[in-house]
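Have a look at run-v3.cif below; it lists mmCIF, C-alpha atoms.
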```cif
data_run
#
loop_
_atom_site.group_PDB
_atom_site.id
_atom_site.type_symbol
_atom_site.label_atom_id
_atom_site.label_comp_id
_atom_site.auth_asym_id
_atom_site.auth_seq_id
_atom_site.Cartn_x
_atom_site.Cartn_y
_atom_site.Cartn_z
ATOM 1 C CA MET A 186 60.941 79.328 118.346
ATOM 2 C CA ASN A 187 61.458 82.587 116.513
ATOM 3 C CA GLY A 188 63.167 80.987 113.523
ATOM 4 C CA LEU A 189 66.602 82.390 114.470
ATOM 5 C CA PRO A 190 69.495 79.965 114.796
ATOM 6 C CA THR A 191 70.776 79.321 118.332
ATOM 7 C CA PRO A 192 74.418 80.383 118.835
ATOM 8 C CA ASP A 193 76.801 77.417 119.317
ATOM 9 C CA HIS A 194 77.983 78.620 122.718
ATOM 10 C CA THR A 195 74.513 78.159 124.242
ATOM 11 C CA ARG A 196 74.023 74.566 123.117
ATOM 12 C CA ASP A 197 74.596 71.736 125.607
ATOM 13 C CA ILE A 198 75.996 74.062 128.275
ATOM 14 C CA GLY A 199 75.284 71.403 130.895
ATOM 15 C CA ASN A 200 77.290 68.787 128.997
ATOM 16 C CA PRO A 201 81.050 69.045 129.854
ATOM 17 C CA ALA A 202 81.899 66.991 126.740
ATOM 18 C CA SER A 203 80.640 69.832 124.555
ATOM 19 C CA TRP A 204 82.737 72.527 126.298
ATOM 20 C CA SER A 205 85.619 74.086 124.416
ATOM 21 C CA GLY A 206 89.198 73.407 125.516
ATOM 22 C CA ALA A 207 89.555 76.968 126.796
ATOM 23 C CA ARG A 208 86.425 76.655 128.930
ATOM 24 C CA ARG A 209 87.645 73.335 130.388
ATOM 25 C CA ARG A 210 91.072 74.766 131.189
ATOM 26 C CA TRP A 211 89.480 77.795 132.825
ATOM 27 C CA LEU A 212 87.168 75.587 134.900
ATOM 28 C CA PHE A 213 89.974 73.253 135.980
ATOM 29 C CA GLY A 214 92.231 76.244 136.779
ATOM 30 C CA ALA A 215 89.484 77.918 138.807
ATOM 31 C CA THR A 216 88.865 74.661 140.688
ATOM 32 C CA ALA A 217 92.593 74.290 141.420
ATOM 33 C CA VAL A 218 92.826 77.876 142.681
ATOM 34 C CA ALA A 219 89.752 77.397 144.888
ATOM 35 C CA ALA A 220 91.184 74.173 146.338
ATOM 36 C CA THR A 221 94.560 75.808 147.002
ATOM 37 C CA LEU A 222 92.973 78.821 148.690
ATOM 38 C CA GLY A 223 90.728 76.543 150.728
ATOM 39 C CA GLY A 224 93.688 74.460 151.892
ATOM 40 C CA ALA A 225 95.723 77.548 152.717
ATOM 41 C CA GLY A 226 92.778 78.955 154.656
ATOM 42 C CA ILE A 227 92.430 75.772 156.693
ATOM 43 C CA ALA A 228 96.190 75.710 157.374
ATOM 44 C CA TRP A 229 96.130 79.358 158.471
ATOM 45 C CA TRP A 230 93.116 78.745 160.706
ATOM 46 C CA GLN A 231 94.837 75.796 162.409
ATOM 47 C CA ALA A 232 98.229 77.502 162.799
ATOM 48 C CA ARG A 233 97.164 81.110 163.476
ATOM 49 C CA PRO A 234 98.647 82.873 166.479
ATOM 50 C CA GLY A 235 96.514 82.369 169.540
ATOM 51 C CA SER A 236 94.950 79.168 168.225
ATOM 52 C CA ALA A 237 94.574 76.228 170.562
ATOM 53 C CA ALA A 238 97.481 73.822 170.771
ATOM 54 C CA VAL A 239 97.070 70.615 168.786
ATOM 55 C CA PRO A 240 98.664 67.221 169.390
ATOM 56 C CA ALA A 241 101.839 66.313 167.549
ATOM 57 C CA PRO A 242 101.723 63.026 165.650
ATOM 58 C CA ALA A 243 102.123 60.158 168.123
ATOM 59 C CA SER A 244 104.984 58.741 166.057
ATOM 60 C CA LEU A 245 107.092 61.866 166.676
ATOM 61 C CA TRP A 246 108.276 60.794 170.111
ATOM 62 C CA SER A 247 109.331 57.317 168.950
ATOM 63 C CA MET A 248 111.691 58.646 166.256
ATOM 64 C CA VAL A 249 115.433 58.284 166.575
ATOM 65 C CA PHE A 250 117.853 60.290 164.411
ATOM 66 C CA PRO A 251 121.598 60.107 163.873
ATOM 67 C CA THR A 252 123.693 63.102 164.896
ATOM 68 C CA PRO A 253 126.587 64.587 162.911
ATOM 69 C CA ASP A 254 128.965 62.825 165.340
ATOM 70 C CA GLY A 255 127.435 59.411 164.611
ATOM 71 C CA ASP A 256 125.466 59.061 167.849
ATOM 72 C CA SER A 257 121.731 58.315 168.075
ATOM 73 C CA LEU A 258 119.297 60.965 169.251
ATOM 74 C CA PRO A 259 115.881 59.663 170.392
ATOM 75 C CA LEU A 260 113.199 62.352 170.358
ATOM 76 C CA GLN A 261 111.695 60.766 173.485
ATOM 77 C CA THR A 262 114.490 62.457 175.472
ATOM 78 C CA PHE A 263 112.860 65.839 174.664
ATOM 79 C CA ALA A 264 109.383 64.932 175.944
ATOM 80 C CA GLY A 265 107.987 66.751 178.981
ATOM 81 C CA LYS A 266 109.627 70.158 178.444
ATOM 82 C CA PRO A 267 108.981 72.949 175.948
ATOM 83 C CA LEU A 268 110.755 72.229 172.667
ATOM 84 C CA LEU A 269 111.569 74.397 169.676
ATOM 85 C CA LEU A 270 112.055 72.152 166.611
ATOM 86 C CA ASN A 271 113.787 73.892 163.732
ATOM 87 C CA PHE A 272 113.928 72.242 160.284
ATOM 88 C CA TRP A 273 116.864 73.624 158.319
ATOM 89 C CA ALA A 274 119.550 72.903 155.719
ATOM 90 C CA THR A 275 123.042 74.208 155.007
ATOM 91 C CA TRP A 276 121.995 75.236 151.469
ATOM 92 C CA CYS A 277 119.124 77.413 152.788
ATOM 93 C CA PRO A 278 120.304 81.034 153.384
ATOM 94 C CA PRO A 279 117.502 82.017 155.836
ATOM 95 C CA CYS A 280 118.176 78.799 157.776
ATOM 96 C CA VAL A 281 121.852 79.664 158.121
ATOM 97 C CA GLU A 282 121.027 83.273 159.076
ATOM 98 C CA GLU A 283 118.758 82.245 161.960
ATOM 99 C CA MET A 284 121.142 79.707 163.539
ATOM 100 C CA PRO A 285 122.954 82.235 165.806
ATOM 101 C CA LEU A 286 119.568 83.591 166.950
ATOM 102 C CA LEU A 287 118.326 80.078 167.809
ATOM 103 C CA ASP A 288 121.599 79.322 169.585
ATOM 104 C CA ARG A 289 121.256 82.484 171.689
ATOM 105 C CA PHE A 290 117.620 81.591 172.504
ATOM 106 C CA TYR A 291 118.735 78.131 173.632
ATOM 107 C CA ASP A 292 121.591 79.478 175.732
ATOM 108 C CA GLU A 293 119.379 82.097 177.439
ATOM 109 C CA ASN A 294 116.452 79.744 178.124
ATOM 110 C CA LYS A 295 117.851 76.259 178.788
ATOM 111 C CA THR A 296 117.901 76.898 182.533
ATOM 112 C CA ASN A 297 114.153 77.613 182.304
ATOM 113 C CA GLY A 298 113.532 74.190 180.788
ATOM 114 C CA TRP A 299 113.543 75.200 177.115
ATOM 115 C CA GLN A 300 115.018 72.808 174.591
ATOM 116 C CA VAL A 301 115.999 73.477 170.984
ATOM 117 C CA LEU A 302 116.568 70.784 168.375
ATOM 118 C CA GLY A 303 117.790 71.459 164.861
ATOM 119 C CA ILE A 304 116.602 68.854 162.362
ATOM 120 C CA ALA A 305 118.828 69.016 159.302
ATOM 121 C CA VAL A 306 117.139 68.225 156.001
ATOM 122 C CA ASP A 307 120.570 67.731 154.508
ATOM 123 C CA ASN A 308 123.416 65.230 154.223
ATOM 124 C CA GLY A 309 125.649 64.505 157.185
ATOM 125 C CA ALA A 310 128.938 65.642 155.633
ATOM 126 C CA ALA A 311 127.559 69.083 154.741
ATOM 127 C CA VAL A 312 126.061 69.511 158.214
ATOM 128 C CA LYS A 313 129.291 68.462 159.899
ATOM 129 C CA ARG A 314 131.297 70.978 157.821
ATOM 130 C CA PHE A 315 128.776 73.715 158.592
ATOM 131 C CA LEU A 316 128.859 73.032 162.346
ATOM 132 C CA GLN A 317 132.665 73.148 162.358
ATOM 133 C CA GLN A 318 132.482 76.692 160.951
ATOM 134 C CA THR A 319 129.320 77.775 162.820
ATOM 135 C CA PRO A 320 129.020 75.767 166.029
ATOM 136 C CA VAL A 321 125.785 75.763 168.018
ATOM 137 C CA ARG A 322 125.184 74.605 171.586
ATOM 138 C CA PHE A 323 121.844 72.900 170.919
ATOM 139 C CA PRO A 324 121.614 69.375 169.481
ATOM 140 C CA ILE A 325 121.377 68.725 165.754
ATOM 141 C CA ALA A 326 119.699 65.654 164.251
ATOM 142 C CA LEU A 327 120.199 64.408 160.695
ATOM 143 C CA ALA A 328 116.934 63.635 158.937
ATOM 144 C CA GLY A 329 117.903 63.962 155.280
ATOM 145 C CA MET A 330 114.951 64.281 152.929
ATOM 146 C CA SER A 331 112.710 62.335 155.328
ATOM 147 C CA GLY A 332 112.788 65.529 157.393
ATOM 148 C CA VAL A 333 110.534 67.150 154.780
ATOM 149 C CA GLU A 334 107.839 64.534 155.415
ATOM 150 C CA LEU A 335 108.227 64.936 159.167
ATOM 151 C CA SER A 336 107.849 68.712 158.845
ATOM 152 C CA ARG A 337 104.724 68.190 156.720
ATOM 153 C CA SER A 338 103.235 65.985 159.435
ATOM 154 C CA LEU A 339 103.789 68.898 161.829
ATOM 155 C CA GLY A 340 101.999 71.420 159.602
ATOM 156 C CA ASN A 341 104.520 72.472 156.946
ATOM 157 C CA LEU A 342 102.140 71.959 154.025
ATOM 158 C CA GLY A 343 104.525 73.328 151.395
ATOM 159 C CA GLY A 344 107.613 71.495 152.663
ATOM 160 C CA GLY A 345 109.707 74.709 152.635
ATOM 161 C CA LEU A 346 112.604 75.698 154.876
ATOM 162 C CA PRO A 347 113.233 76.981 157.433
ATOM 163 C CA PHE A 348 110.254 75.699 159.360
ATOM 164 C CA THR A 349 109.930 75.948 163.135
ATOM 165 C CA VAL A 350 107.506 74.180 165.455
ATOM 166 C CA VAL A 351 107.095 74.997 169.140
ATOM 167 C CA LEU A 352 105.826 72.155 171.319
ATOM 168 C CA ASN A 353 104.741 72.899 174.860
ATOM 169 C CA SER A 354 105.653 70.715 177.842
ATOM 170 C CA ALA A 355 102.528 68.587 177.237
ATOM 171 C CA GLY A 356 103.835 67.744 173.737
ATOM 172 C CA LEU A 357 101.195 69.850 171.969
ATOM 173 C CA ILE A 358 102.037 72.012 168.966
ATOM 174 C CA ALA A 359 101.675 75.542 170.307
ATOM 175 C CA GLN A 360 103.135 77.499 167.344
ATOM 176 C CA ARG A 361 104.404 77.018 163.798
ATOM 177 C CA LYS A 362 106.443 79.369 161.656
ATOM 178 C CA MET A 363 107.342 79.083 157.996
ATOM 179 C CA GLY A 364 110.407 81.151 157.191
ATOM 180 C CA ARG A 365 113.114 82.744 159.262
ATOM 181 C CA VAL A 366 112.317 83.306 162.942
ATOM 182 C CA SER A 367 112.626 86.787 164.382
ATOM 183 C CA PRO A 368 113.623 87.957 167.869
ATOM 184 C CA GLN A 369 109.949 88.917 168.344
ATOM 185 C CA ASP A 370 108.851 85.336 167.545
ATOM 186 C CA LEU A 371 111.259 83.955 170.117
ATOM 187 C CA GLN A 372 110.183 86.501 172.717
ATOM 188 C CA GLN A 373 106.535 85.522 172.208
ATOM 189 C CA TRP A 374 107.288 81.791 172.279
ATOM 190 C CA ARG A 375 109.343 82.081 175.469
ATOM 191 C CA GLY A 376 106.068 82.457 177.364
ATOM 192 C CA LEU A 377 104.642 79.184 176.015
ATOM 193 C CA ARG A 378 105.236 76.378 178.457
#
```
Could the structure of this file be written out as structure tokens, please?
Amino acid sequence: MNGLPTPDHTRDIGNPASWSGARRRWLFGATAVAATLGGAGIAWWQARPGSAAVPAPASLWSMVFPTPDGDSLPLQTFAGKPLLLNFWATWCPPCVEEMPLLDRFYDENKTNGWQVLGIAVDNGAAVKRFLQQTPVRFPIALAGMSGVELSRSLGNLGGGLPFTVVLNSAGLIAQRKMGRVSPQDLQQWRGLR
């Protein structure tokens, strides 16, 4: 055109094969960040306070877990009443810290139909030792690492602990909480039936 050479960075800009390694890494990184933020936004939108209750996976109620005492605990026995499901482990400090709070919530609300179930993402021997030192009045189920997948199916996208799900008496997920529950959370949830 004007006889001046075209700079290399303007050639074949529409051809990804001609992009430099730094440009490709930047593009892939930006795409990954956008996808992560999009997924987090969708998860927040679905689990935000005040959002409509959503159905729990149908397979939830057919599950049966062992207990630390060696008995079987079918989740079907919890259907029809409000249920607080708490995913925890003995090696998780916030999980251990919230256990007395959950136990108090259970004790104060069981006569009003509330149920609490601790699902241990841990091995049975560790859970049994923990419960001997820190007994709770609500039932504990042993899920091992399969508990992580169950918690993901209930909305725990990152698979972290503790994770709490509140199901109303119709079996719909009314609330989810990643991290340690607070007395304010429990007070708010008490009104969900």
Output the residue selection produced by the PyMOL selection byres ((chain A and resi 347) around 12) on the file above, formatted as a count of residues only. 37
Using all atoms listed in the file, which protein or nucleic acid residues come within 7 Å of Pro253 of chain A? Drop anything in the same chain fewer than 4 positions from it, and give the result as a list in words. Gly309, Val312, Lys313 and Leu327 of chain A
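The gap separating atom CA of Ala241 of chain A from atom CA of Leu342 of chain A is 14.7 Å, in Å to one decimal.
Using all atoms listed in the file, the nearest neighbour of Ala355 of chain A within the list A:Met330, A:Leu316, A:Leu377, A:Met248 is A:Leu377.
Here atom CA of Asn294 of chain A is placed at a distance of 21.0 Å from atom CA of Leu258 of chain A.
Among A:Gln369, A:Ser354, A:Ser244, A:Thr319, the residue with the shortest atom-to-atom distance to Phe263 of chain A, counting only C-alpha atoms, is A:Ser354.
Relative to atom CA of Leu352 of chain A, atom CA of Leu245 of chain A is found at 11.4 Å.
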Given the choices A:Asn353, A:Gln372, A:Asn308, A:Gln360, which gets closest to Thr252 of chain A if the distance is worked out from only C-alpha atoms? A:Asn308
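Using all atoms listed in the file for every distance, the candidate list A:Asp307, A:Ala326, A:Pro285, A:Lys266 yields A:Ala326 as the residue closest to Asp254 of chain A.
Minimum atom-to-atom distances from A:Arg289, A:Arg337, A:Arg322, A:Arg375 to Pro242 of chain A were compared using all atoms listed in the file, and the lowest value belongs to A:Arg337.
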